[in-house]
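What follows is input_22.pdb (PDB, C-alpha atoms and all ligand atoms).
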```pdb
ATOM      1  CA  MET A 112       0.000   0.000   0.000
ATOM      2  CA  SER A 113       1.867   3.082  -1.209
ATOM      3  CA  THR A 114       1.621   6.552   0.330
ATOM      4  CA  ILE A 115       1.220   9.472  -2.066
ATOM      5  CA  VAL A 116       1.777  13.112  -1.075
ATOM      6  CA  ILE A 117       0.716  15.846  -3.483
ATOM      7  CA  LEU A 118       1.674  19.513  -3.029
ATOM      8  CA  THR A 119      -0.430  21.963  -5.026
ATOM      9  CA  GLY A 120      -0.004  25.648  -5.794
ATOM     10  CA  ALA A 121      -1.835  28.377  -7.651
ATOM     11  CA  GLY A 122      -1.280  26.684 -11.026
ATOM     12  CA  ILE A 123      -3.818  23.945 -10.281
ATOM     13  CA  SER A 124      -6.553  26.596  -9.956
ATOM     14  CA  ALA A 125      -5.391  28.754 -12.887
ATOM     15  CA  GLU A 126      -7.688  27.021 -15.418
ATOM     16  CA  SER A 127     -10.595  27.616 -13.028
ATOM     17  CA  GLY A 128     -10.002  31.324 -13.579
ATOM     18  CA  ILE A 129      -8.163  32.085 -10.314
ATOM     19  CA  GLU A 130      -5.076  34.175 -11.001
ATOM     20  CA  THR A 131      -1.676  32.916  -9.896
ATOM     21  CA  PHE A 132       0.909  34.986  -8.017
ATOM     22  CA  ARG A 133       3.979  35.242 -10.155
ATOM     23  CA  ALA A 134       2.679  35.379 -13.709
ATOM     24  CA  GLU A 135       3.276  38.729 -15.451
ATOM     25  CA  THR A 136      -0.318  39.757 -14.709
ATOM     26  CA  GLY A 137      -0.423  37.830 -11.407
ATOM     27  CA  LEU A 138      -1.324  38.955  -7.910
ATOM     28  CA  TRP A 139       2.205  40.030  -7.065
ATOM     29  CA  ALA A 140       2.247  42.242 -10.149
ATOM     30  CA  GLN A 141      -0.839  44.063  -8.840
ATOM     31  CA  HIS A 142      -0.009  44.214  -5.112
ATOM     32  CA  ARG A 143       3.187  44.446  -3.056
ATOM     33  CA  VAL A 144       3.596  41.282  -1.008
ATOM     34  CA  GLU A 145       4.686  43.365   1.989
ATOM     35  CA  ASP A 146       1.434  45.329   1.860
ATOM     36  CA  VAL A 147      -1.076  42.468   1.625
ATOM     37  CA  ALA A 148       0.566  39.185   2.754
ATOM     38  CA  THR A 149       2.482  40.079   5.927
ATOM     39  CA  PRO A 150       1.393  40.779   9.530
ATOM     40  CA  GLU A 151       3.167  44.143   9.259
ATOM     41  CA  GLY A 152       1.097  45.044   6.195
ATOM     42  CA  PHE A 153      -2.085  44.127   8.068
ATOM     43  CA  ALA A 154      -1.062  46.207  11.093
ATOM     44  CA  LYS A 155      -0.214  49.200   8.879
ATOM     45  CA  ASP A 156      -3.323  49.157   6.685
ATOM     46  CA  PRO A 157      -5.859  46.496   7.737
ATOM     47  CA  LYS A 158      -8.479  47.744   5.266
ATOM     48  CA  ARG A 159      -6.146  47.243   2.273
ATOM     49  CA  VAL A 160      -5.517  43.642   3.408
ATOM     50  CA  VAL A 161      -9.157  42.849   4.239
ATOM     51  CA  ASP A 162     -10.213  44.253   0.838
ATOM     52  CA  PHE A 163      -7.498  42.182  -0.914
ATOM     53  CA  TYR A 164      -8.823  38.954   0.596
ATOM     54  CA  ASN A 165     -12.462  39.967   0.116
ATOM     55  CA  GLY A 166     -11.714  40.285  -3.612
ATOM     56  CA  ARG A 167     -10.012  36.896  -3.739
ATOM     57  CA  ARG A 168     -12.814  35.232  -1.710
ATOM     58  CA  ALA A 169     -15.408  36.597  -4.156
ATOM     59  CA  GLN A 170     -13.324  35.448  -7.158
ATOM     60  CA  ALA A 171     -12.883  31.958  -5.678
ATOM     61  CA  ALA A 172     -16.626  31.681  -4.939
ATOM     62  CA  LYS A 173     -17.328  32.194  -8.656
ATOM     63  CA  ALA A 174     -14.739  29.602  -9.718
ATOM     64  CA  VAL A 175     -15.463  25.895 -10.108
ATOM     65  CA  PRO A 176     -13.108  22.935  -9.602
ATOM     66  CA  ASN A 177     -11.419  21.753 -12.806
ATOM     67  CA  ALA A 178     -10.432  18.315 -14.097
ATOM     68  CA  ALA A 179      -7.171  18.434 -12.124
ATOM     69  CA  HIS A 180      -8.929  18.929  -8.765
ATOM     70  CA  GLU A 181     -11.390  16.178  -9.676
ATOM     71  CA  ALA A 182      -8.630  13.786 -10.724
ATOM     72  CA  LEU A 183      -6.906  14.144  -7.327
ATOM     73  CA  ALA A 184     -10.214  13.355  -5.607
ATOM     74  CA  ARG A 185     -10.583  10.279  -7.852
ATOM     75  CA  LEU A 186      -7.057   9.185  -6.870
ATOM     76  CA  GLU A 187      -7.870   9.530  -3.155
ATOM     77  CA  ALA A 188     -11.068   7.490  -3.580
ATOM     78  CA  ALA A 189      -9.542   4.727  -5.723
ATOM     79  CA  HIS A 190      -6.004   4.324  -4.317
ATOM     80  CA  ASP A 191      -5.648   1.643  -1.623
ATOM     81  CA  GLY A 192      -2.954   3.579   0.284
ATOM     82  CA  GLU A 193      -2.972   7.100   1.793
ATOM     83  CA  VAL A 194      -3.298  10.064  -0.577
ATOM     84  CA  LEU A 195      -2.632  13.398   1.139
ATOM     85  CA  VAL A 196      -3.092  16.701  -0.692
ATOM     86  CA  VAL A 197      -1.145  19.575   0.874
ATOM     87  CA  THR A 198      -2.239  22.799  -0.778
ATOM     88  CA  GLN A 199      -0.666  26.240  -0.624
ATOM     89  CA  ASN A 200      -3.902  27.537  -2.133
ATOM     90  CA  VAL A 201      -6.481  29.319  -0.035
ATOM     91  CA  ASP A 202      -9.425  28.655  -2.382
ATOM     92  CA  ASP A 203     -11.777  25.724  -1.639
ATOM     93  CA  LEU A 204     -11.619  24.051  -5.059
ATOM     94  CA  HIS A 205      -9.979  20.865  -3.725
ATOM     95  CA  GLU A 206     -12.848  20.360  -1.240
ATOM     96  CA  ARG A 207     -15.457  21.178  -3.857
ATOM     97  CA  GLY A 208     -13.646  18.844  -6.267
ATOM     98  CA  GLY A 209     -14.094  15.964  -3.784
ATOM     99  CA  SER A 210     -10.775  15.764  -1.873
ATOM    100  CA  HIS A 211     -11.101  14.944   1.841
ATOM    101  CA  ASN A 212      -7.567  14.151   3.072
ATOM    102  CA  LEU A 213      -6.418  17.749   2.580
ATOM    103  CA  ILE A 214      -4.277  20.296   4.432
ATOM    104  CA  HIS A 215      -4.483  24.037   3.711
ATOM    105  CA  MET A 216      -0.960  24.869   4.870
ATOM    106  CA  HIS A 217      -1.321  28.597   4.040
ATOM    107  CA  GLY A 218      -4.835  29.016   5.430
ATOM    108  CA  ALA A 219      -8.210  29.425   3.731
ATOM    109  CA  LEU A 220     -10.276  32.298   2.336
ATOM    110  CA  ASN A 221     -13.491  30.874   3.806
ATOM    111  CA  SER A 222     -12.214  31.056   7.370
ATOM    112  CA  ALA A 223     -11.650  33.953   9.797
ATOM    113  CA  LEU A 224      -9.234  34.011  12.726
ATOM    114  CA  CYS A 225      -9.451  36.040  15.928
ATOM    115  CA  GLY A 226      -6.210  37.927  16.558
ATOM    116  CA  VAL A 227      -6.900  37.796  20.309
ATOM    117  CA  CYS A 228      -8.256  34.341  21.222
ATOM    118  CA  GLU A 229      -7.326  32.465  18.002
ATOM    119  CA  HIS A 230     -10.902  31.263  17.544
ATOM    120  CA  ARG A 231     -11.684  30.307  13.885
ATOM    121  CA  TRP A 232     -15.050  30.495  12.176
ATOM    122  CA  PRO A 233     -16.372  30.155   8.643
ATOM    123  CA  VAL A 234     -16.808  33.259   6.493
ATOM    124  CA  THR A 235     -18.177  33.251   2.961
ATOM    125  CA  SER A 236     -18.931  36.978   2.515
ATOM    126  CA  ASP A 237     -16.874  40.154   2.877
ATOM    127  CA  MET A 238     -15.036  40.753   6.136
ATOM    128  CA  HIS A 239     -14.564  44.242   7.567
ATOM    129  CA  VAL A 240     -11.914  45.883   9.747
ATOM    130  CA  GLY A 241     -12.742  45.611  13.459
ATOM    131  CA  GLN A 242     -15.083  42.668  12.877
ATOM    132  CA  GLU A 243     -15.958  41.096  16.203
ATOM    133  CA  CYS A 244     -14.907  37.594  17.167
ATOM    134  CA  PRO A 245     -18.033  35.460  17.872
ATOM    135  CA  ALA A 246     -16.187  33.710  20.725
ATOM    136  CA  CYS A 247     -14.491  36.492  22.709
ATOM    137  CA  GLY A 248     -16.144  39.576  21.235
ATOM    138  CA  ALA A 249     -12.847  41.346  20.507
ATOM    139  CA  PRO A 250     -12.925  43.493  17.333
ATOM    140  CA  ALA A 251      -9.888  41.511  16.133
ATOM    141  CA  ALA A 252     -11.038  39.319  13.216
ATOM    142  CA  ARG A 253      -8.475  38.822  10.456
ATOM    143  CA  PRO A 254      -8.319  36.634   7.354
ATOM    144  CA  ASP A 255      -7.299  33.089   8.380
ATOM    145  CA  ILE A 256      -4.288  33.241   6.065
ATOM    146  CA  VAL A 257      -0.651  32.328   6.772
ATOM    147  CA  TRP A 258       1.320  35.440   5.861
ATOM    148  CA  PHE A 259       5.053  35.670   5.262
ATOM    149  CA  GLY A 260       6.885  35.210   8.546
ATOM    150  CA  GLU A 261       4.017  33.165  10.025
ATOM    151  CA  MET A 262       4.165  29.405  10.619
ATOM    152  CA  PRO A 263       2.280  27.320   8.048
ATOM    153  CA  HIS A 264      -0.346  24.915   9.414
ATOM    154  CA  GLN A 265       0.105  21.227  10.365
ATOM    155  CA  MET A 266       3.816  21.111   9.579
ATOM    156  CA  ASP A 267       4.367  18.140  11.948
ATOM    157  CA  ARG A 268       1.727  16.082  10.165
ATOM    158  CA  ILE A 269       3.078  17.090   6.751
ATOM    159  CA  PHE A 270       6.639  16.054   7.619
ATOM    160  CA  ASP A 271       5.358  12.818   9.185
ATOM    161  CA  VAL A 272       3.607  11.790   5.958
ATOM    162  CA  LEU A 273       6.469  13.046   3.774
ATOM    163  CA  GLY A 274       8.802  10.832   5.852
ATOM    164  CA  ARG A 275       6.950   7.739   4.666
ATOM    165  CA  ALA A 276       5.984   8.837   1.149
ATOM    166  CA  ASP A 277       6.454   6.461  -1.775
ATOM    167  CA  PHE A 278       5.391   9.072  -4.335
ATOM    168  CA  PHE A 279       5.554  12.890  -4.170
ATOM    169  CA  ALA A 280       4.082  15.193  -6.792
ATOM    170  CA  ALA A 281       4.227  18.992  -6.890
ATOM    171  CA  ILE A 282       1.512  20.442  -9.131
ATOM    172  CA  GLY A 283       1.338  24.065 -10.297
ATOM    173  CA  THR A 284       3.763  25.655  -7.871
ATOM    174  CA  SER A 285       6.756  27.839  -8.737
ATOM    175  CA  GLY A 286       8.866  26.525  -5.856
ATOM    176  CA  ASN A 287       9.632  30.014  -4.538
ATOM    177  CA  VAL A 288       8.053  29.797  -1.091
ATOM    178  CA  TYR A 289       9.389  27.822   1.847
ATOM    179  CA  PRO A 290       8.870  25.527   3.655
ATOM    180  CA  ALA A 291       6.645  24.123   0.834
ATOM    181  CA  ALA A 292       9.459  24.344  -1.739
ATOM    182  CA  GLY A 293      11.566  22.132   0.539
ATOM    183  CA  PHE A 294       9.071  19.247   0.556
ATOM    184  CA  VAL A 295      10.632  17.586  -2.498
ATOM    185  CA  ALA A 296      13.934  17.291  -0.596
ATOM    186  CA  GLU A 297      12.109  15.694   2.356
ATOM    187  CA  ALA A 298      10.344  13.218   0.067
ATOM    188  CA  THR A 299      13.612  12.373  -1.669
ATOM    189  CA  ARG A 300      15.230  11.685   1.720
ATOM    190  CA  ALA A 301      12.361   9.271   2.419
ATOM    191  CA  GLY A 302      13.119   7.443  -0.827
ATOM    192  CA  ALA A 303      10.000   8.638  -2.652
ATOM    193  CA  HIS A 304       9.750   8.904  -6.423
ATOM    194  CA  THR A 305       9.180  12.604  -7.133
ATOM    195  CA  VAL A 306       7.491  14.271 -10.091
ATOM    196  CA  GLU A 307       6.902  17.934 -10.931
ATOM    197  CA  ILE A 308       3.735  18.707 -12.913
ATOM    198  CA  ASN A 309       3.825  22.232 -14.270
ATOM    199  CA  MET A 310       3.865  24.440 -17.363
ATOM    200  CA  ALA A 311       7.578  25.061 -16.935
ATOM    201  CA  PRO A 312      10.316  23.906 -14.539
ATOM    202  CA  SER A 313       9.971  25.513 -11.091
ATOM    203  CA  ALA A 314      12.753  27.022  -8.995
ATOM    204  CA  VAL A 315      13.342  23.540  -7.542
ATOM    205  CA  GLY A 316      12.576  21.622 -10.746
ATOM    206  CA  SER A 317      16.051  20.067 -10.868
ATOM    207  CA  GLU A 318      15.346  18.257  -7.567
ATOM    208  CA  PHE A 319      12.623  16.052  -9.067
ATOM    209  CA  ASP A 320      13.081  12.574 -10.575
ATOM    210  CA  ALA A 321      10.614  13.350 -13.361
ATOM    211  CA  ALA A 322       8.666  16.217 -14.899
ATOM    212  CA  ILE A 323       5.358  16.352 -16.756
ATOM    213  CA  MET A 324       4.812  19.637 -18.595
ATOM    214  CA  GLY A 325       1.469  20.948 -19.750
ATOM    215  CA  PRO A 326      -1.772  22.412 -18.398
ATOM    216  CA  ALA A 327      -2.914  20.709 -15.204
ATOM    217  CA  THR A 328      -6.375  19.875 -16.556
ATOM    218  CA  GLN A 329      -4.640  17.581 -19.085
ATOM    219  CA  THR A 330      -1.519  16.386 -17.245
ATOM    220  CA  VAL A 331      -3.057  15.599 -13.837
ATOM    221  CA  PRO A 332      -5.871  13.279 -15.022
ATOM    222  CA  ALA A 333      -3.342  11.426 -17.210
ATOM    223  CA  TRP A 334      -0.902  11.121 -14.301
ATOM    224  CA  VAL A 335      -3.681   9.836 -12.001
ATOM    225  CA  ASP A 336      -4.719   7.245 -14.605
ATOM    226  CA  GLN A 337      -1.114   6.057 -14.826
ATOM    227  CA  ILE A 338      -0.724   5.843 -11.020
ATOM    228  CA  LEU A 339      -3.970   3.871 -10.672
ATOM    229  CA  LYS A 340      -3.047   1.550 -13.547
ATOM    230  CA  ASN A 341       0.402   0.812 -12.050
ATOM    231  CA  GLY A 342      -1.217   0.208  -8.649
TER     232      GLY A 342
HETATM  233  C1  LIG A 401       7.787  30.676   7.413
HETATM  234  C2  LIG A 401      -0.648  33.754   1.667
HETATM  235  C3  LIG A 401       8.860  30.417   9.483
HETATM  236  C4  LIG A 401      -1.864  33.086   1.191
HETATM  237  C5  LIG A 401       1.545  33.081   1.076
HETATM  238  C6  LIG A 401      14.867  33.058   2.396
HETATM  239  C7  LIG A 401      15.027  31.757   1.978
HETATM  240  C8  LIG A 401      14.055  30.801   2.237
HETATM  241  C9  LIG A 401      12.897  31.163   2.912
HETATM  242  C10 LIG A 401      12.735  32.461   3.306
HETATM  243  C11 LIG A 401      13.710  33.413   3.054
HETATM  244  N1  LIG A 401      13.261  34.591   3.561
HETATM  245  C12 LIG A 401      12.038  34.403   4.123
HETATM  246  C13 LIG A 401      11.717  33.107   3.978
HETATM  247  C14 LIG A 401      10.509  32.453   4.442
HETATM  248  C15 LIG A 401       9.334  32.781   3.535
HETATM  249  C16 LIG A 401       9.660  32.527   2.088
HETATM  250  O1  LIG A 401       9.667  31.406   1.639
HETATM  251  N2  LIG A 401       9.955  33.594   1.347
HETATM  252  C17 LIG A 401      10.305  33.411  -0.041
HETATM  253  C18 LIG A 401       9.510  34.369  -0.913
HETATM  254  C19 LIG A 401      11.801  33.600  -0.176
HETATM  255  N3  LIG A 401       8.295  31.857   3.944
HETATM  256  C20 LIG A 401       7.480  32.192   4.951
HETATM  257  O2  LIG A 401       7.501  33.267   5.507
HETATM  258  C21 LIG A 401       6.547  31.100   5.411
HETATM  259  N4  LIG A 401       6.647  31.008   6.835
HETATM  260  O3  LIG A 401       8.811  30.434   6.818
HETATM  261  O4  LIG A 401       7.672  30.679   8.757
HETATM  262  C22 LIG A 401       8.556  30.475  10.898
HETATM  263  C23 LIG A 401       9.350  29.733  11.744
HETATM  264  C24 LIG A 401       9.097  29.777  13.085
HETATM  265  C25 LIG A 401       8.043  30.557  13.553
HETATM  266  C26 LIG A 401       7.254  31.289  12.701
HETATM  267  C27 LIG A 401       7.506  31.259  11.341
HETATM  268  C28 LIG A 401       5.103  31.425   5.100
HETATM  269  C29 LIG A 401       4.862  31.242   3.631
HETATM  270  C30 LIG A 401       3.380  31.500   3.323
HETATM  271  C31 LIG A 401       3.228  32.881   2.819
HETATM  272  N5  LIG A 401       1.865  33.075   2.324
HETATM  273  N6  LIG A 401       0.372  33.506   0.684
HETATM  274  C32 LIG A 401      -2.378  33.784  -0.007
HETATM  275  O5  LIG A 401      -2.453  35.038   0.021
HETATM  276  O6  LIG A 401      -2.714  33.082  -0.959
HETATM  277  S1  LIG A 401       2.641  32.529  -0.090
HETATM  278  C33 LIG A 401       1.938  32.531  -1.626
HETATM  279  O7  LIG A 401       2.903  31.949  -2.505
HETATM  280  C34 LIG A 401       0.718  31.651  -1.738
HETATM  281  O8  LIG A 401       0.401  30.942  -0.563
HETATM  282  C35 LIG A 401       1.109  30.665  -2.806
HETATM  283  O9  LIG A 401       0.493  29.478  -2.625
HETATM  284  C36 LIG A 401       2.550  30.590  -2.594
HETATM  285  C37 LIG A 401       3.360  29.928  -3.640
HETATM  286  O10 LIG A 401       2.977  30.426  -4.902
HETATM  287  P1  LIG A 401       2.533  29.339  -5.999
HETATM  288  O11 LIG A 401       1.342  28.617  -5.483
HETATM  289  O12 LIG A 401       3.706  28.520  -6.378
HETATM  290  O13 LIG A 401       2.056  30.278  -7.176
HETATM  291  P2  LIG A 401       2.971  31.009  -8.262
HETATM  292  O14 LIG A 401       2.113  32.031  -8.932
HETATM  293  O15 LIG A 401       4.261  31.415  -7.658
HETATM  294  O16 LIG A 401       3.308  29.850  -9.310
HETATM  295  C38 LIG A 401       2.269  29.281 -10.095
HETATM  296  C39 LIG A 401       2.851  28.059 -10.777
HETATM  297  O17 LIG A 401       1.795  27.423 -11.498
HETATM  298  C40 LIG A 401       3.939  28.378 -11.774
HETATM  299  O18 LIG A 401       4.999  27.455 -11.609
HETATM  300  C41 LIG A 401       3.250  28.170 -13.138
HETATM  301  O19 LIG A 401       4.164  27.683 -14.103
HETATM  302  C42 LIG A 401       2.236  27.118 -12.808
HETATM  303  N7  LIG A 401       1.052  27.125 -13.657
HETATM  304  C43 LIG A 401       0.358  28.206 -14.109
HETATM  305  N8  LIG A 401      -0.699  27.786 -14.835
HETATM  306  C44 LIG A 401      -0.684  26.431 -14.821
HETATM  307  C45 LIG A 401       0.434  26.009 -14.077
HETATM  308  N9  LIG A 401       0.744  24.708 -13.893
HETATM  309  C46 LIG A 401      -0.084  23.798 -14.468
HETATM  310  N10 LIG A 401      -1.172  24.118 -15.196
HETATM  311  C47 LIG A 401      -1.498  25.420 -15.388
HETATM  312  N11 LIG A 401      -2.586  25.717 -16.131
END
```
What would you get if you wrote out this structure as structure tokens?
Ligand code: BV8
Amino acid sequence: MSTIVILTGAGISAESGIETFRAETGLWAQHRVEDVATPEGFAKDPKRVVDFYNGRRAQAAKAVPNAAHEALARLEAAHDGEVLVVTQNVDDLHERGGSHNLIHMHGALNSALCGVCEHRWPVTSDMHVGQECPACGAPAARPDIVWFGEMPHQMDRIFDVLGRADFFAAIGTSGNVYPAAGFVAEATRAGAHTVEINMAPSAVGSEFDAAIMGPATQTVPAWVDQILKNG
């Protein structure tokens, strides 16, 4: 029974109409990372940050899962061993595509976090600055997003599964952000076969055993078929 770990990034949601970060017209071309994806940026101008995530939450709500999200859900349902999807994405397209064994290591748009008591609660509409926490009442709600300099979620569990992975795939991520970009090295140390599925080699592309280039809606279903056929 083989264990498969799959890391996904913005590229898996690109064909669902959700913009990526580092393309020429991507999010980081429109906004400075320091202003919208750091605790300092939130402290300096909370409205700019809340508006940034309100816009992305609304965009994600209009998007639908694509064939790549659905193929990963099919793999989880059909594979006899563990299939864990670790996503850097904050949209909910993996859940809506049918994945269950899923970790949002960089947080989620449809969740709010209290900056005082750390209570989390679902949000699907716009947030506002000074929004009250339903648990402690403090006007300290913030997007439940892991910003630069903050610790990604469930790292112990991720490294535990990576330590016993037989296969590791990175799909649609540019390999610029750590610790996610270091997962291929962890999987290699565990003796896993590693494959990068992307439109072009990532910043850590040379660390993979294999590469499959092309749009995720074509490459991921084909890769899943091959994995399920080989058993
Ligand atoms: C931490 C918020 C420690 C959510 C994000 C120097 C060296 C190494 C590391 C560091 C360093 N200096 C600082 C660091 C740490 C820093 C970091 O890595 N910085 C980088 C930039 C150098 N990392 C952190 O701060 C992390 N935390 O290290 O904490 C710590 C220790 C103790 C105690 C406390 C803390 C936190 C990182 C999380 C930051 N949050 N975003 C959001 O707003 O969405 S990161 C942001 O980038 C997103 O989460 C995104 O997921 C992530 C990665 O981007 P990608 O998903 O890869 O997207 P990108 O656009 O870049 O690429 C898209 C890819 O898709 C491309 O390859 C493209 O070819 C491909 N593609 C496009 N279309 C398709 C496609 N592929 C297939 N099909 C298609 N159709």
Test item: residues no farther than 6 Å from ligand LIG 401 (chain A), counting only C-alpha atoms and all ligand atoms, as an NGL selection string
:A and (120-123 or 125-126 or 131-134 or 148 or 199-201 or 217 or 256-263 or 283-290 or 309-311 or 313 or 326-327)
Quick one: residues within 9 Å of (-16.1, 31.7, 20.9) (file frame), counting only C-alpha atoms, please, as a VMD selection string.
chain A and resid 228 230 to 232 244 to 248
Keeping only C-alpha atoms, take the residues you just selected and write them out as a short mmCIF file (atom, residue, chain, number, x, y, z; two decimals), in the frame of the given file.
```cif
data_model
loop_
_atom_site.label_atom_id
_atom_site.label_comp_id
_atom_site.auth_asym_id
_atom_site.auth_seq_id
_atom_site.Cartn_x
_atom_site.Cartn_y
_atom_site.Cartn_z
CA CYS A 228 -8.26 34.34 21.22
CA HIS A 230 -10.90 31.26 17.54
CA ARG A 231 -11.68 30.31 13.88
CA TRP A 232 -15.05 30.50 12.18
CA CYS A 244 -14.91 37.59 17.17
CA PRO A 245 -18.03 35.46 17.87
CA ALA A 246 -16.19 33.71 20.72
CA CYS A 247 -14.49 36.49 22.71
CA GLY A 248 -16.14 39.58 21.24
#
```
One number please: CA of Met324 in chain A to CA of Ile308 in chain A, in Å, one decimal.
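Between these atoms lies a distance of 5.9 Å.
Proximity of A:Ala223, A:Val315, A:Val175, A:Leu204 to His239 in chain A, computed with all atoms listed in the file, is greatest for A:Ala223.
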Which residues, named as in the file, does the PyMOL selection byres (((chain A and resi 208) around 12) and not hetatm) pick out? Answer as a ChimeraX atom specification.
/A:123-124,127,174-188,202-207,209-211,213
Keeping only C-alpha atoms, write those residues as a tab-separated table (two decimals), in the coordinates of the input.
```tsv
chain	number	residue	atom	x	y	z
A	123	ILE	CA	-3.82	23.94	-10.28
A	124	SER	CA	-6.55	26.60	-9.96
A	127	SER	CA	-10.60	27.62	-13.03
A	174	ALA	CA	-14.74	29.60	-9.72
A	175	VAL	CA	-15.46	25.90	-10.11
A	176	PRO	CA	-13.11	22.94	-9.60
A	177	ASN	CA	-11.42	21.75	-12.81
A	178	ALA	CA	-10.43	18.32	-14.10
A	179	ALA	CA	-7.17	18.43	-12.12
A	180	HIS	CA	-8.93	18.93	-8.76
A	181	GLU	CA	-11.39	16.18	-9.68
A	182	ALA	CA	-8.63	13.79	-10.72
A	183	LEU	CA	-6.91	14.14	-7.33
A	184	ALA	CA	-10.21	13.36	-5.61
A	185	ARG	CA	-10.58	10.28	-7.85
A	186	LEU	CA	-7.06	9.18	-6.87
A	187	GLU	CA	-7.87	9.53	-3.16
A	188	ALA	CA	-11.07	7.49	-3.58
A	202	ASP	CA	-9.43	28.66	-2.38
A	203	ASP	CA	-11.78	25.72	-1.64
A	204	LEU	CA	-11.62	24.05	-5.06
A	205	HIS	CA	-9.98	20.86	-3.72
A	206	GLU	CA	-12.85	20.36	-1.24
A	207	ARG	CA	-15.46	21.18	-3.86
A	209	GLY	CA	-14.09	15.96	-3.78
A	210	SER	CA	-10.78	15.76	-1.87
A	211	HIS	CA	-11.10	14.94	1.84
A	213	LEU	CA	-6.42	17.75	2.58
```
What do you get, as a PyMOL selection string, if you spell out every residue that the PyMOL selection byres (((chain A and resi 302) around 10) and not hetatm) selects here?
chain A and resi 273-279+296-301+303-305
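Candidate residues A:Asp320, A:Ala291, A:Lys340, A:Tyr164 were compared for distance to His142 in chain A, and the nearest is A:Tyr164, using only C-alpha atoms.
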A:Gly166, A:Gly293, A:Pro150, A:Gly342 ranked by distance to Leu220 in chain A, top pick (using all atoms listed in the file):
A:Gly166
Which is closest to Gly218 in chain A among A:Lys173, A:His190, A:Arg168, A:His264, if we use all atoms listed in the file?
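Of A:Lys173, A:His190, A:Arg168, A:His264, the one nearest Gly218 in chain A, counting all atoms listed in the file, is A:His264.
Comparing A:Ala172, A:Val240, A:Glu151, A:Val272 by their smallest distance to Asn212 in chain A, the closest is A:Val272 (using only C-alpha atoms).
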Skip Ala249 in chain A itself and residues of its chain fewer than 4 positions away, then list as number ranges by chain all residues within 8 Å of it, counting all atoms listed in the file.
A: 225, 227, 243-244
Quote the spacing between CA of Thr235 in chain A and CA of Arg268 in chain A in Å to one decimal place.
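A separation of 27.3 Å between them.
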Extending 8 Å beyond the listed atoms of range 202-212 of chain A on each side, what axis-aligned box results? I want centre and edge lengths in Å to one decimal, as JSON.
```
{"center_x": -11.5, "center_y": 21.4, "center_z": -1.6, "size_x": 23.9, "size_y": 30.5, "size_z": 25.3}
```
Among listed residues A:Val161, A:Ala154, A:Met238, A:Ala252, nearest Leu224 in chain A (using all atoms listed in the file):
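Of all the options, A:Ala252 lies closest to Leu224 in chain A.
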To test your reading of the syntax: which residues would the PyMOL selection byres (((chain A and resi 319) around 8) and not hetatm) return for the file shown? Reply as a PDB file with C-alpha atoms, in the coordinates of the input.
```pdb
ATOM      1  CA  VAL A 295      10.632  17.586  -2.498  1.00  0.00           C
ATOM      2  CA  THR A 305       9.180  12.604  -7.133  1.00  0.00           C
ATOM      3  CA  VAL A 306       7.491  14.271 -10.091  1.00  0.00           C
ATOM      4  CA  GLU A 307       6.902  17.934 -10.931  1.00  0.00           C
ATOM      5  CA  VAL A 315      13.342  23.540  -7.542  1.00  0.00           C
ATOM      6  CA  GLY A 316      12.576  21.622 -10.746  1.00  0.00           C
ATOM      7  CA  SER A 317      16.051  20.067 -10.868  1.00  0.00           C
ATOM      8  CA  GLU A 318      15.346  18.257  -7.567  1.00  0.00           C
ATOM      9  CA  ASP A 320      13.081  12.574 -10.575  1.00  0.00           C
ATOM     10  CA  ALA A 321      10.614  13.350 -13.361  1.00  0.00           C
ATOM     11  CA  ALA A 322       8.666  16.217 -14.899  1.00  0.00           C
TER      12      ALA A 322
END
```
Can you sort out range 284-290 of chain A so it carries N, CA, C and O atoms, written as a compact mmCIF listing (two decimals), keeping the file's coordinate frame?
```txt
# COMPACT_ATOMS: atom_id res chain seq x y z
N THR A 284 3.15 24.73 -8.83
CA THR A 284 3.76 25.66 -7.87
C THR A 284 5.15 26.04 -8.36
O THR A 284 5.89 25.22 -8.89
N SER A 285 5.51 27.31 -8.17
CA SER A 285 6.76 27.84 -8.74
C SER A 285 7.97 27.53 -7.87
O SER A 285 9.10 27.85 -8.23
N GLY A 286 7.72 26.93 -6.68
CA GLY A 286 8.87 26.52 -5.86
C GLY A 286 9.63 27.70 -5.27
O GLY A 286 10.82 27.60 -4.98
N ASN A 287 8.96 28.83 -5.09
CA ASN A 287 9.63 30.01 -4.54
C ASN A 287 9.46 30.16 -3.03
O ASN A 287 10.19 30.90 -2.40
N VAL A 288 8.42 29.53 -2.49
CA VAL A 288 8.05 29.80 -1.09
C VAL A 288 8.36 28.58 -0.22
O VAL A 288 7.99 27.46 -0.54
N TYR A 289 9.05 28.86 0.88
CA TYR A 289 9.39 27.82 1.85
C TYR A 289 8.45 27.92 3.04
O TYR A 289 7.89 28.99 3.28
N PRO A 290 8.23 26.86 3.76
CA PRO A 290 8.87 25.53 3.66
C PRO A 290 8.32 24.62 2.55
O PRO A 290 8.89 23.57 2.27
```
